[in-house]
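Pasted below: my_file_7.cif, mmCIF, C-alpha atoms (C1' of nucleotides).
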```cif
data_protein
#
loop_
_atom_site.label_atom_id
_atom_site.label_comp_id
_atom_site.auth_asym_id
_atom_site.auth_seq_id
_atom_site.Cartn_x
_atom_site.Cartn_y
_atom_site.Cartn_z
CA MET A 1 -2.05 -9.06 19.20
CA THR A 2 -5.43 -8.01 20.57
CA LYS A 3 -8.25 -6.70 18.40
CA MET A 4 -7.83 -3.30 20.01
CA GLU A 5 -4.22 -3.22 18.88
CA ASP A 6 -5.23 -4.38 15.42
CA PHE A 7 -7.67 -1.50 15.07
CA GLN A 8 -5.08 1.01 16.27
CA MET A 9 -2.58 -0.33 13.75
CA ILE A 10 -5.14 -0.03 10.97
CA GLU A 11 -6.15 3.50 11.94
CA ARG A 12 -2.55 4.70 12.09
CA GLY A 13 -1.72 2.75 8.94
CA PHE A 14 -4.56 4.45 7.07
CA VAL A 15 -3.32 7.89 8.09
CA GLN A 16 0.25 7.14 7.09
CA THR A 17 -0.54 5.52 3.79
CA GLN A 18 -3.37 7.67 2.52
CA ALA A 19 -1.12 9.73 0.29
CA ILE A 20 0.35 6.56 -1.22
CA LEU A 21 -3.04 5.00 -1.81
CA VAL A 22 -4.31 8.10 -3.58
CA ALA A 23 -1.08 8.48 -5.54
CA LEU A 24 -1.05 4.86 -6.73
CA GLY A 25 -4.76 4.79 -7.50
CA ASP A 26 -4.28 6.96 -10.56
CA GLU A 27 -3.55 5.24 -13.86
CA ASN A 28 -1.22 7.96 -15.11
CA ARG A 29 0.84 7.88 -11.96
CA GLN A 30 1.00 4.09 -12.16
CA SER A 31 2.46 4.47 -15.67
CA ILE A 32 5.03 6.93 -14.40
CA ILE A 33 6.04 4.56 -11.60
CA VAL A 34 6.47 1.68 -14.04
CA SER A 35 8.53 3.84 -16.42
CA LEU A 36 10.75 4.97 -13.57
CA LEU A 37 11.25 1.42 -12.31
CA LYS A 38 12.16 0.24 -15.80
CA ALA A 39 14.71 3.05 -16.06
CA GLY A 40 16.42 1.77 -12.93
CA CYS A 41 18.66 3.68 -10.60
CA ASP A 42 19.59 6.47 -13.04
CA GLY A 43 15.98 7.63 -13.13
CA LEU A 44 14.23 9.62 -15.84
CA ARG A 45 13.72 13.30 -16.58
CA VAL A 46 10.40 15.03 -17.09
CA GLY A 47 10.96 15.24 -20.85
CA GLN A 48 11.64 11.52 -21.11
CA LEU A 49 8.52 10.70 -19.09
CA THR A 50 6.51 12.96 -21.40
CA GLU A 51 7.65 10.79 -24.32
CA GLN A 52 6.95 7.47 -22.61
CA THR A 53 3.51 8.38 -21.33
CA HIS A 54 0.83 10.12 -23.33
CA LEU A 55 0.96 13.09 -20.97
CA SER A 56 1.99 16.69 -21.51
CA ARG A 57 4.99 18.09 -19.68
CA PRO A 58 3.00 20.09 -17.11
CA ALA A 59 0.83 17.04 -16.48
CA VAL A 60 3.89 14.89 -15.83
CA SER A 61 5.24 17.59 -13.55
CA HIS A 62 1.95 17.70 -11.68
CA HIS A 63 1.81 13.94 -11.14
CA LEU A 64 5.46 13.83 -10.12
CA LYS A 65 4.70 16.41 -7.47
CA ILE A 66 1.98 14.19 -6.03
CA LEU A 67 4.28 11.15 -6.11
CA LYS A 68 7.01 13.22 -4.49
CA GLU A 69 4.68 14.39 -1.71
CA ALA A 70 3.70 10.77 -1.13
CA GLN A 71 7.44 10.12 -0.79
CA LEU A 72 7.39 7.54 -3.53
CA VAL A 73 9.99 9.20 -5.76
CA SER A 74 13.19 11.11 -5.20
CA ILE A 75 14.90 13.79 -7.31
CA ARG A 76 18.54 14.02 -8.23
CA LYS A 77 19.47 17.33 -9.83
CA ASP A 78 22.33 17.68 -12.28
CA GLY A 79 22.39 21.23 -13.57
CA THR A 80 18.96 21.97 -15.03
CA LYS A 81 18.30 18.26 -15.40
CA HIS A 82 16.10 16.61 -12.79
CA TYR A 83 16.28 12.84 -12.59
CA TYR A 84 13.36 11.13 -10.85
CA ALA A 85 13.54 7.61 -9.43
CA VAL A 86 11.32 5.40 -7.31
CA ARG A 87 12.65 5.28 -3.80
CA PRO A 88 11.93 2.89 -0.95
CA SER A 89 9.50 4.38 1.55
CA LYS A 90 8.77 3.04 4.98
CA ASN A 91 5.14 3.90 4.36
CA PHE A 92 5.23 1.25 1.68
CA ALA A 93 5.91 -1.40 4.27
CA ILE A 94 3.20 0.06 6.51
CA MET A 95 0.74 -0.26 3.65
CA GLN A 96 1.50 -3.95 3.29
CA GLN A 97 1.25 -4.48 7.01
CA THR A 98 -2.06 -2.64 7.26
CA ALA A 99 -3.45 -4.63 4.37
CA ALA A 100 -2.33 -7.86 6.02
CA ILE A 101 -4.13 -7.03 9.26
CA ILE A 102 -7.35 -6.11 7.48
CA GLU A 103 -7.16 -9.29 5.45
CA ARG A 104 -6.71 -11.38 8.58
CA LEU A 105 -9.64 -9.73 10.38
CA ALA A 106 -11.81 -10.14 7.30
CA GLU A 107 -10.98 -13.83 7.17
CA GLU A 108 -11.84 -14.23 10.84
CA ASN A 109 -15.21 -12.62 10.09
CA GLU A 110 -15.84 -15.00 7.24
CA SER A 111 -15.19 -18.15 9.23
CA LYS A 112 -17.68 -17.36 11.98
CA MET B 1 12.34 -13.73 -11.03
CA THR B 2 13.60 -11.57 -13.92
CA LYS B 3 13.05 -7.82 -14.09
CA MET B 4 10.75 -8.37 -17.06
CA GLU B 5 8.57 -10.61 -14.92
CA ASP B 6 8.66 -8.09 -12.09
CA PHE B 7 7.38 -5.35 -14.39
CA GLN B 8 4.61 -7.58 -15.70
CA MET B 9 3.55 -8.44 -12.17
CA ILE B 10 3.46 -4.77 -11.24
CA GLU B 11 1.48 -3.79 -14.32
CA ARG B 12 -1.09 -6.51 -13.77
CA GLY B 13 -1.13 -5.78 -10.05
CA PHE B 14 -1.87 -2.13 -10.71
CA VAL B 15 -4.82 -2.99 -12.93
CA GLN B 16 -6.27 -5.45 -10.44
CA THR B 17 -5.85 -3.27 -7.39
CA GLN B 18 -6.73 0.16 -8.74
CA ALA B 19 -10.28 0.04 -7.42
CA ILE B 20 -9.02 -0.94 -3.96
CA LEU B 21 -6.39 1.79 -3.92
CA VAL B 22 -8.93 4.44 -4.84
CA ALA B 23 -11.49 3.05 -2.41
CA LEU B 24 -9.06 2.96 0.52
CA GLY B 25 -7.54 6.33 -0.29
CA ASP B 26 -10.64 8.16 0.92
CA GLU B 27 -10.83 9.10 4.58
CA ASN B 28 -14.58 8.53 4.88
CA ARG B 29 -14.32 5.08 3.38
CA GLN B 30 -11.43 4.28 5.71
CA SER B 31 -13.70 5.19 8.63
CA ILE B 32 -16.41 2.93 7.30
CA ILE B 33 -13.95 0.04 6.95
CA VAL B 34 -12.75 0.50 10.52
CA SER B 35 -16.32 0.66 11.85
CA LEU B 36 -17.22 -2.49 9.96
CA LEU B 37 -14.14 -4.34 11.22
CA LYS B 38 -14.91 -3.33 14.79
CA ALA B 39 -18.45 -4.61 14.37
CA GLY B 40 -17.07 -8.02 13.44
CA CYS B 41 -18.80 -10.75 11.50
CA ASP B 42 -22.36 -9.51 12.06
CA GLY B 43 -21.63 -6.36 10.14
CA LEU B 44 -23.40 -3.02 10.33
CA ARG B 45 -26.39 -1.42 8.62
CA VAL B 46 -26.43 1.87 6.77
CA GLY B 47 -28.22 3.60 9.63
CA GLN B 48 -25.65 2.45 12.16
CA LEU B 49 -22.80 3.61 9.97
CA THR B 50 -24.53 6.98 9.61
CA GLU B 51 -24.42 7.31 13.41
CA GLN B 52 -20.79 6.22 13.77
CA THR B 53 -19.42 8.41 10.99
CA HIS B 54 -20.33 12.04 10.47
CA LEU B 55 -21.87 11.18 7.10
CA SER B 56 -25.44 11.39 5.90
CA ARG B 57 -27.28 8.24 4.88
CA PRO B 58 -27.00 8.83 1.13
CA ALA B 59 -23.30 9.54 1.58
CA VAL B 60 -22.80 6.28 3.46
CA SER B 61 -24.77 4.48 0.78
CA HIS B 62 -22.61 6.05 -1.90
CA HIS B 63 -19.32 5.07 -0.26
CA LEU B 64 -20.56 1.56 0.45
CA LYS B 65 -21.31 1.20 -3.23
CA ILE B 66 -17.72 2.08 -4.08
CA LEU B 67 -16.38 -0.33 -1.45
CA LYS B 68 -18.73 -3.00 -2.77
CA GLU B 69 -17.54 -2.48 -6.34
CA ALA B 70 -13.96 -2.78 -5.12
CA GLN B 71 -15.06 -6.09 -3.59
CA LEU B 72 -13.98 -5.00 -0.14
CA VAL B 73 -17.37 -5.46 1.55
CA SER B 74 -20.21 -7.94 1.29
CA ILE B 75 -23.91 -7.55 2.01
CA ARG B 76 -26.17 -9.87 3.93
CA LYS B 77 -29.86 -9.02 3.62
CA ASP B 78 -32.39 -9.85 6.30
CA GLY B 79 -35.75 -8.40 5.38
CA THR B 80 -35.27 -4.71 4.71
CA LYS B 81 -32.10 -4.73 6.78
CA HIS B 82 -28.81 -4.80 4.93
CA TYR B 83 -25.76 -5.84 6.94
CA TYR B 84 -22.39 -4.85 5.51
CA ALA B 85 -19.12 -6.52 6.50
CA VAL B 86 -15.52 -6.43 5.32
CA ARG B 87 -14.75 -9.50 3.31
CA PRO B 88 -11.43 -11.03 2.29
CA SER B 89 -10.53 -10.21 -1.30
CA LYS B 90 -7.84 -11.87 -3.34
CA ASN B 91 -7.02 -8.43 -4.75
CA PHE B 92 -5.95 -7.54 -1.26
CA ALA B 93 -3.18 -10.09 -1.41
CA ILE B 94 -2.23 -8.90 -4.89
CA MET B 95 -1.89 -5.38 -3.52
CA GLN B 96 0.57 -6.54 -0.89
CA GLN B 97 2.50 -8.58 -3.43
CA THR B 98 2.70 -5.69 -5.89
CA ALA B 99 3.86 -3.34 -3.14
CA ALA B 100 6.53 -5.83 -2.12
CA ILE B 101 7.94 -6.06 -5.65
CA ILE B 102 8.06 -2.28 -6.05
CA GLU B 103 9.73 -1.95 -2.68
CA ARG B 104 12.36 -4.51 -3.64
CA LEU B 105 13.10 -2.83 -6.97
CA ALA B 106 13.29 0.56 -5.27
CA GLU B 107 15.81 -0.80 -2.78
CA GLU B 108 17.90 -2.24 -5.58
CA ASN B 109 17.93 1.22 -7.17
CA GLU B 110 19.04 2.84 -3.97
CA SER B 111 21.99 0.55 -3.41
CA LYS B 112 23.61 1.17 -6.80
"C1'" DT C 1 26.10 39.09 -21.21
"C1'" DT C 2 22.84 36.70 -24.31
"C1'" DC C 3 20.71 32.67 -25.86
"C1'" DC C 4 19.05 28.15 -25.14
"C1'" DT C 5 17.55 24.15 -22.55
"C1'" DC C 6 15.06 22.05 -18.91
"C1'" DC C 7 11.64 22.43 -15.41
"C1'" DG C 8 8.35 24.45 -12.23
"C1'" DT C 9 4.19 27.38 -11.51
"C1'" DT C 10 0.04 30.03 -12.37
"C1'" DG C 11 -4.59 30.55 -13.96
"C1'" DA C 12 -8.51 29.04 -16.32
"C1'" DA C 13 -11.24 25.49 -18.38
"C1'" DA C 14 -12.84 20.74 -18.47
"C1'" DC C 15 -13.92 16.96 -15.94
"C1'" DA C 16 -14.91 14.02 -11.93
"C1'" DT C 17 -16.31 13.35 -7.13
"C1'" DT C 18 -18.97 14.22 -3.17
"C1'" DT C 19 -22.89 15.71 -0.85
"C1'" DA C 20 -27.83 16.53 0.65
"C1'" DA C 21 -32.74 16.92 -0.41
"C1'" DA C 22 -36.39 14.69 -2.35
"C1'" DC C 23 -38.25 10.66 -4.10
"C1'" DC C 24 -38.92 5.56 -4.97
"C1'" DT C 25 -38.80 0.49 -3.74
"C1'" DT C 26 -39.19 -3.34 -0.74
"C1'" DT C 27 -40.39 -5.58 3.50
"C1'" DT C 28 -42.74 -5.89 7.86
"C1'" DC C 29 -46.37 -5.11 11.09
"C1'" DG C 30 -50.95 -3.91 12.61
"C1'" DC D 1 -55.22 -3.36 3.03
"C1'" DG D 2 -52.41 0.91 4.84
"C1'" DA D 3 -48.57 2.79 7.51
"C1'" DA D 4 -43.95 2.61 8.99
"C1'" DA D 5 -39.12 1.29 8.59
"C1'" DA D 6 -34.89 0.54 6.05
"C1'" DG D 7 -32.28 1.45 2.05
"C1'" DG D 8 -31.39 2.69 -2.67
"C1'" DT D 9 -31.54 6.31 -6.52
"C1'" DT D 10 -31.89 10.72 -8.84
"C1'" DT D 11 -30.74 15.48 -9.32
"C1'" DA D 12 -28.32 19.57 -8.73
"C1'" DA D 13 -24.96 22.21 -6.26
"C1'" DA D 14 -20.47 22.46 -4.22
"C1'" DT D 15 -16.05 20.97 -4.27
"C1'" DG D 16 -11.85 18.85 -5.90
"C1'" DT D 17 -8.86 17.11 -9.67
"C1'" DT D 18 -6.67 17.21 -14.01
"C1'" DT D 19 -5.24 19.39 -18.01
"C1'" DC D 20 -3.07 22.80 -21.16
"C1'" DA D 21 -1.26 27.35 -22.49
"C1'" DA D 22 1.47 30.85 -21.01
"C1'" DC D 23 4.90 32.64 -18.14
"C1'" DG D 24 9.07 32.59 -15.07
"C1'" DG D 25 13.53 31.03 -13.17
"C1'" DA D 26 17.91 28.73 -12.96
"C1'" DG D 27 21.90 26.65 -15.10
"C1'" DG D 28 25.07 25.94 -19.05
"C1'" DA D 29 27.34 27.38 -23.53
"C1'" DA D 30 29.05 30.80 -26.57
#
```
Would you mind writing the file out in structure tokens?
Amino acid sequence: MTKMEDFQMIERGFVQTQAILVALGDENRQSIIVSLLKAGCDGLRVGQLTEQTHLSRPAVSHHLKILKEAQLVSIRKDGTKHYYAVRPSKNFAIMQQTAAIIERLAEENESK
Amino acid sequence: MTKMEDFQMIERGFVQTQAILVALGDENRQSIIVSLLKAGCDGLRVGQLTEQTHLSRPAVSHHLKILKEAQLVSIRKDGTKHYYAVRPSKNFAIMQQTAAIIERLAEENESK
DNA sequence: TTCCTCCGTTGAAACATTTAAACCTTTTCG
DNA sequence: CGAAAAGGTTTAAATGTTTCAACGGAGGAA
């Protein structure tokens, strides 16, 4: 892999993962993610998340929207009940890959 | 690794990587990182970054401060000249590790 | 239909972030 | 010494984010 290719990977990686980075950078959304993961495959509803976090219902709804747009969570609807769960996103893998490339380049810098 | 341990890893990972996530979530700071990586081990000065990005000098200075606090860049001072470079951070590895655990748990959810 | 539950959305206020102009500090050079 | 060069800091304005209260809509039960 040439440096040129590395930089292109990083630039594309940044574009594709920006929404995830912003979404996961917020403490409240981190709490929501952890709650959802603990709940497992059944997921949780907005009301249940409101209980488990110290957030109001509209706030939970707002943060879920951001997580949804970052494609980190999915919804399953059963009547009026909306179950949210963390879902695997290919952008998640891209984030790891991008981070790995940056780390490698940074280490090359250090050793010279 | 038990689920309990997974959740603990994620929670600690979130705390340790929050600054990085926020720092890398911003488009301007992403540009700065890319410019610095392209510059290699010598690094770049504030003035040079001002030319390469469409940011003013105080703006560059501001974003560098955030990147510095997230321990993503280092400074090397030579007289009045300050050279910034991307440096390897152990939090970078933690970010990848945390992402990997979440991804795995999300995939387990999906398959049930 | 009517009521109730569960969520989403809107609008406004509170709060945080980002930016540029002006100013200050430190170092170097004449 | 004084002037210039390179960056950092402060302040205030613009912008963006987060929050809650109030409202609206859709589905289920009687």
Residues of chain A at most 9 Å from chain B: nearest atom pair and distance in Å, all atoms listed in the file, as CSV:
```
residue,atom,partner,partner_atom,distance
A:Lys3,CA,B:Lys38,CA,8.3
A:Met4,CA,B:Lys38,CA,8.8
A:Phe7,CA,B:Val34,CA,7.1
A:Ile10,CA,B:Val34,CA,7.6
A:Glu11,CA,B:Val34,CA,7.4
A:Phe14,CA,B:Gln30,CA,7.0
A:Val15,CA,B:Glu27,CA,8.4
A:Thr17,CA,B:Gly25,CA,8.1
A:Gln18,CA,B:Gly25,CA,5.2
A:Ala19,CA,B:Gly25,CA,7.3
A:Ile20,CA,B:Gly25,CA,7.9
A:Leu21,CA,B:Gly25,CA,4.9
A:Val22,CA,B:Gly25,CA,4.9
A:Ala23,CA,B:Gly25,CA,8.6
A:Leu24,CA,B:Leu21,CA,6.8
A:Gly25,CA,B:Leu21,CA,4.9
A:Asp26,CA,B:Gln18,CA,7.5
A:Glu27,CA,B:Gln18,CA,7.9
A:Gln30,CA,B:Phe14,CA,7.0
A:Ser31,CA,B:Glu11,CA,8.4
A:Val34,CA,B:Phe7,CA,7.1
A:Leu37,CA,B:Leu105,CA,7.1
A:Lys38,CA,B:Phe7,CA,7.5
A:Gly40,CA,B:Asn109,CA,6.0
A:Cys41,CA,B:Asn109,CA,4.3
A:Asp42,CA,B:Asn109,CA,8.0
A:Gly43,CA,B:Asn109,CA,9.0
A:Ala85,CA,B:Asn109,CA,8.1
A:Val86,CA,B:Ala106,CA,5.6
A:Arg87,CA,B:Ala106,CA,5.0
A:Pro88,CA,B:Ala106,CA,5.1
A:Ser89,CA,B:Glu103,CA,7.6
A:Phe92,CA,B:Ala99,CA,6.8
A:Ala93,CA,B:Ala100,CA,7.8
A:Met95,CA,B:Gln96,CA,7.8
A:Gln96,CA,B:Gln96,CA,5.0
A:Gln97,CA,B:Gln96,CA,8.2
A:Ala99,CA,B:Phe92,CA,6.8
A:Ala100,CA,B:Gln96,CA,7.6
A:Ile102,CA,B:Leu37,CA,8.0
A:Glu103,CA,B:Pro88,CA,5.6
A:Arg104,CA,B:Pro88,CA,7.9
A:Leu105,CA,B:Leu37,CA,7.1
A:Ala106,CA,B:Arg87,CA,5.0
A:Glu107,CA,B:Pro88,CA,5.6
A:Glu108,CA,B:Cys41,CA,7.8
A:Asn109,CA,B:Cys41,CA,4.3
A:Glu110,CA,B:Cys41,CA,6.7
A:Ser111,CA,B:Cys41,CA,8.5
A:Lys112,CA,B:Cys41,CA,6.7
```
Report as CSV the residues of chain A within 12 Å of chain C, each with its shortest atom pair and distance in Å (one decimal), using only C-alpha atoms (C1' of nucleotides), ordered by chain and increasing residue number.
```
residue,atom,partner,partner_atom,distance
A:Arg45,CA,C:DC6,C1',9.2
A:Val46,CA,C:DC7,C1',7.7
A:Gly47,CA,C:DC6,C1',8.2
A:Gln48,CA,C:DC6,C1',11.3
A:Arg57,CA,C:DC7,C1',9.0
A:Pro58,CA,C:DG8,C1',8.5
A:Ala59,CA,C:DG8,C1',11.4
A:Val60,CA,C:DC7,C1',10.8
A:Ser61,CA,C:DG8,C1',7.6
A:His62,CA,C:DG8,C1',9.3
A:Leu64,CA,C:DG8,C1',11.2
A:Lys65,CA,C:DG8,C1',10.0
A:Lys77,CA,C:DC7,C1',10.9
A:Asp78,CA,C:DC6,C1',10.8
A:Gly79,CA,C:DC6,C1',9.1
A:Thr80,CA,C:DC6,C1',5.5
A:Lys81,CA,C:DC6,C1',6.1
A:His82,CA,C:DC7,C1',7.8
A:Tyr83,CA,C:DC7,C1',11.0
```
Note to self: as a list in words, could you give me every residue of chain D near chain B (at most 9 Å apart, counting all atoms listed in the file)?
What the structure shows: DA5, DA6, DG7 and DG8 of chain D
Fit target chain B, mobile chain A, all Cα in order, as an mmCIF file with C-alpha atoms, in the frame of the given file:
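What follows is the written file part28.cif:
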```
data_model
loop_
_atom_site.group_PDB
_atom_site.id
_atom_site.type_symbol
_atom_site.label_atom_id
_atom_site.label_comp_id
_atom_site.auth_asym_id
_atom_site.auth_seq_id
_atom_site.Cartn_x
_atom_site.Cartn_y
_atom_site.Cartn_z
ATOM 1 C CA MET A 1 12.253 -13.753 -10.992
ATOM 2 C CA THR A 2 13.514 -11.621 -13.867
ATOM 3 C CA LYS A 3 12.983 -7.873 -14.080
ATOM 4 C CA MET A 4 10.667 -8.428 -17.022
ATOM 5 C CA GLU A 5 8.484 -10.649 -14.874
ATOM 6 C CA ASP A 6 8.595 -8.116 -12.062
ATOM 7 C CA PHE A 7 7.309 -5.384 -14.353
ATOM 8 C CA GLN A 8 4.531 -7.618 -15.672
ATOM 9 C CA MET A 9 3.487 -8.455 -12.122
ATOM 10 C CA ILE A 10 3.413 -4.774 -11.218
ATOM 11 C CA GLU A 11 1.427 -3.799 -14.305
ATOM 12 C CA ARG A 12 -1.170 -6.510 -13.732
ATOM 13 C CA GLY A 13 -1.176 -5.782 -10.006
ATOM 14 C CA PHE A 14 -1.898 -2.108 -10.667
ATOM 15 C CA VAL A 15 -4.851 -2.974 -12.889
ATOM 16 C CA GLN A 16 -6.304 -5.407 -10.383
ATOM 17 C CA THR A 17 -5.868 -3.234 -7.345
ATOM 18 C CA GLN A 18 -6.730 0.183 -8.696
ATOM 19 C CA ALA A 19 -10.268 0.075 -7.373
ATOM 20 C CA ILE A 20 -8.988 -0.887 -3.920
ATOM 21 C CA LEU A 21 -6.366 1.833 -3.887
ATOM 22 C CA VAL A 22 -8.909 4.483 -4.818
ATOM 23 C CA ALA A 23 -11.463 3.097 -2.374
ATOM 24 C CA LEU A 24 -9.026 3.010 0.555
ATOM 25 C CA GLY A 25 -7.513 6.392 -0.243
ATOM 26 C CA ASP A 26 -10.616 8.189 0.959
ATOM 27 C CA GLU A 27 -10.815 9.129 4.627
ATOM 28 C CA ASN A 28 -14.553 8.536 4.889
ATOM 29 C CA ARG A 29 -14.282 5.088 3.401
ATOM 30 C CA GLN A 30 -11.401 4.301 5.748
ATOM 31 C CA SER A 31 -13.701 5.206 8.661
ATOM 32 C CA ILE A 32 -16.403 2.938 7.311
ATOM 33 C CA ILE A 33 -13.938 0.059 6.976
ATOM 34 C CA VAL A 34 -12.748 0.513 10.555
ATOM 35 C CA SER A 35 -16.332 0.662 11.861
ATOM 36 C CA LEU A 36 -17.216 -2.496 9.970
ATOM 37 C CA LEU A 37 -14.142 -4.334 11.239
ATOM 38 C CA LYS A 38 -14.929 -3.319 14.810
ATOM 39 C CA ALA A 39 -18.472 -4.632 14.377
ATOM 40 C CA GLY A 40 -17.085 -8.034 13.449
ATOM 41 C CA CYS A 41 -18.796 -10.753 11.508
ATOM 42 C CA ASP A 42 -22.375 -9.541 12.074
ATOM 43 C CA GLY A 43 -21.639 -6.374 10.121
ATOM 44 C CA LEU A 44 -23.419 -3.033 10.325
ATOM 45 C CA ARG A 45 -26.398 -1.455 8.598
ATOM 46 C CA VAL A 46 -26.410 1.835 6.741
ATOM 47 C CA GLY A 47 -28.245 3.566 9.593
ATOM 48 C CA GLN A 48 -25.687 2.412 12.141
ATOM 49 C CA LEU A 49 -22.810 3.586 9.943
ATOM 50 C CA THR A 50 -24.534 6.962 9.603
ATOM 51 C CA GLU A 51 -24.424 7.267 13.401
ATOM 52 C CA GLN A 52 -20.802 6.177 13.756
ATOM 53 C CA THR A 53 -19.434 8.380 11.004
ATOM 54 C CA HIS A 54 -20.312 12.008 10.476
ATOM 55 C CA LEU A 55 -21.867 11.171 7.117
ATOM 56 C CA SER A 56 -25.432 11.390 5.870
ATOM 57 C CA ARG A 57 -27.280 8.245 4.870
ATOM 58 C CA PRO A 58 -26.984 8.781 1.103
ATOM 59 C CA ALA A 59 -23.290 9.532 1.543
ATOM 60 C CA VAL A 60 -22.767 6.283 3.436
ATOM 61 C CA SER A 61 -24.710 4.463 0.748
ATOM 62 C CA HIS A 62 -22.553 6.048 -1.929
ATOM 63 C CA HIS A 63 -19.279 5.086 -0.255
ATOM 64 C CA LEU A 64 -20.526 1.573 0.437
ATOM 65 C CA LYS A 65 -21.243 1.202 -3.251
ATOM 66 C CA ILE A 66 -17.651 2.100 -4.082
ATOM 67 C CA LEU A 67 -16.332 -0.309 -1.438
ATOM 68 C CA LYS A 68 -18.667 -2.983 -2.764
ATOM 69 C CA GLU A 69 -17.469 -2.465 -6.345
ATOM 70 C CA ALA A 70 -13.897 -2.751 -5.097
ATOM 71 C CA GLN A 71 -15.009 -6.060 -3.566
ATOM 72 C CA LEU A 72 -13.944 -4.991 -0.118
ATOM 73 C CA VAL A 73 -17.327 -5.460 1.564
ATOM 74 C CA SER A 74 -20.150 -7.940 1.283
ATOM 75 C CA ILE A 75 -23.885 -7.559 1.965
ATOM 76 C CA ARG A 76 -26.124 -9.893 3.885
ATOM 77 C CA LYS A 77 -29.806 -9.051 3.542
ATOM 78 C CA ASP A 78 -32.345 -9.869 6.223
ATOM 79 C CA GLY A 79 -35.694 -8.460 5.188
ATOM 80 C CA THR A 80 -35.217 -4.745 4.545
ATOM 81 C CA LYS A 81 -32.078 -4.766 6.662
ATOM 82 C CA HIS A 82 -28.750 -4.830 4.847
ATOM 83 C CA TYR A 83 -25.745 -5.856 6.897
ATOM 84 C CA TYR A 84 -22.355 -4.864 5.482
ATOM 85 C CA ALA A 85 -19.094 -6.532 6.496
ATOM 86 C CA VAL A 86 -15.492 -6.416 5.349
ATOM 87 C CA ARG A 87 -14.712 -9.494 3.344
ATOM 88 C CA PRO A 88 -11.398 -11.025 2.330
ATOM 89 C CA SER A 89 -10.514 -10.202 -1.264
ATOM 90 C CA LYS A 90 -7.819 -11.841 -3.300
ATOM 91 C CA ASN A 91 -7.031 -8.418 -4.703
ATOM 92 C CA PHE A 92 -5.954 -7.509 -1.206
ATOM 93 C CA ALA A 93 -3.188 -10.063 -1.353
ATOM 94 C CA ILE A 94 -2.245 -8.875 -4.845
ATOM 95 C CA MET A 95 -1.900 -5.355 -3.495
ATOM 96 C CA GLN A 96 0.559 -6.510 -0.861
ATOM 97 C CA GLN A 97 2.489 -8.530 -3.386
ATOM 98 C CA THR A 98 2.668 -5.657 -5.859
ATOM 99 C CA ALA A 99 3.834 -3.314 -3.139
ATOM 100 C CA ALA A 100 6.506 -5.803 -2.103
ATOM 101 C CA ILE A 101 7.898 -6.037 -5.630
ATOM 102 C CA ILE A 102 8.013 -2.271 -6.060
ATOM 103 C CA GLU A 103 9.709 -1.919 -2.703
ATOM 104 C CA ARG A 104 12.337 -4.481 -3.649
ATOM 105 C CA LEU A 105 13.067 -2.830 -7.009
ATOM 106 C CA ALA A 106 13.266 0.566 -5.337
ATOM 107 C CA GLU A 107 15.778 -0.775 -2.845
ATOM 108 C CA GLU A 108 17.872 -2.255 -5.637
ATOM 109 C CA ASN A 109 17.889 1.187 -7.269
ATOM 110 C CA GLU A 110 19.025 2.822 -4.072
ATOM 111 C CA SER A 111 21.981 0.531 -3.508
ATOM 112 C CA LYS A 112 23.547 1.117 -6.913
#
```
Check: To one decimal place, how far is atom CA of A:Ile94 from atom CA of B:Ile101 in Å?
Finding: 14.4 Å
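Taking atom CA of A:Leu44 and atom CA of A:Leu67 as endpoints, the distance between them is 14.0 Å.
Distance-wise, atom CA of B:Ile32 and atom C1' of D:DG16 end up 21.2 Å apart.
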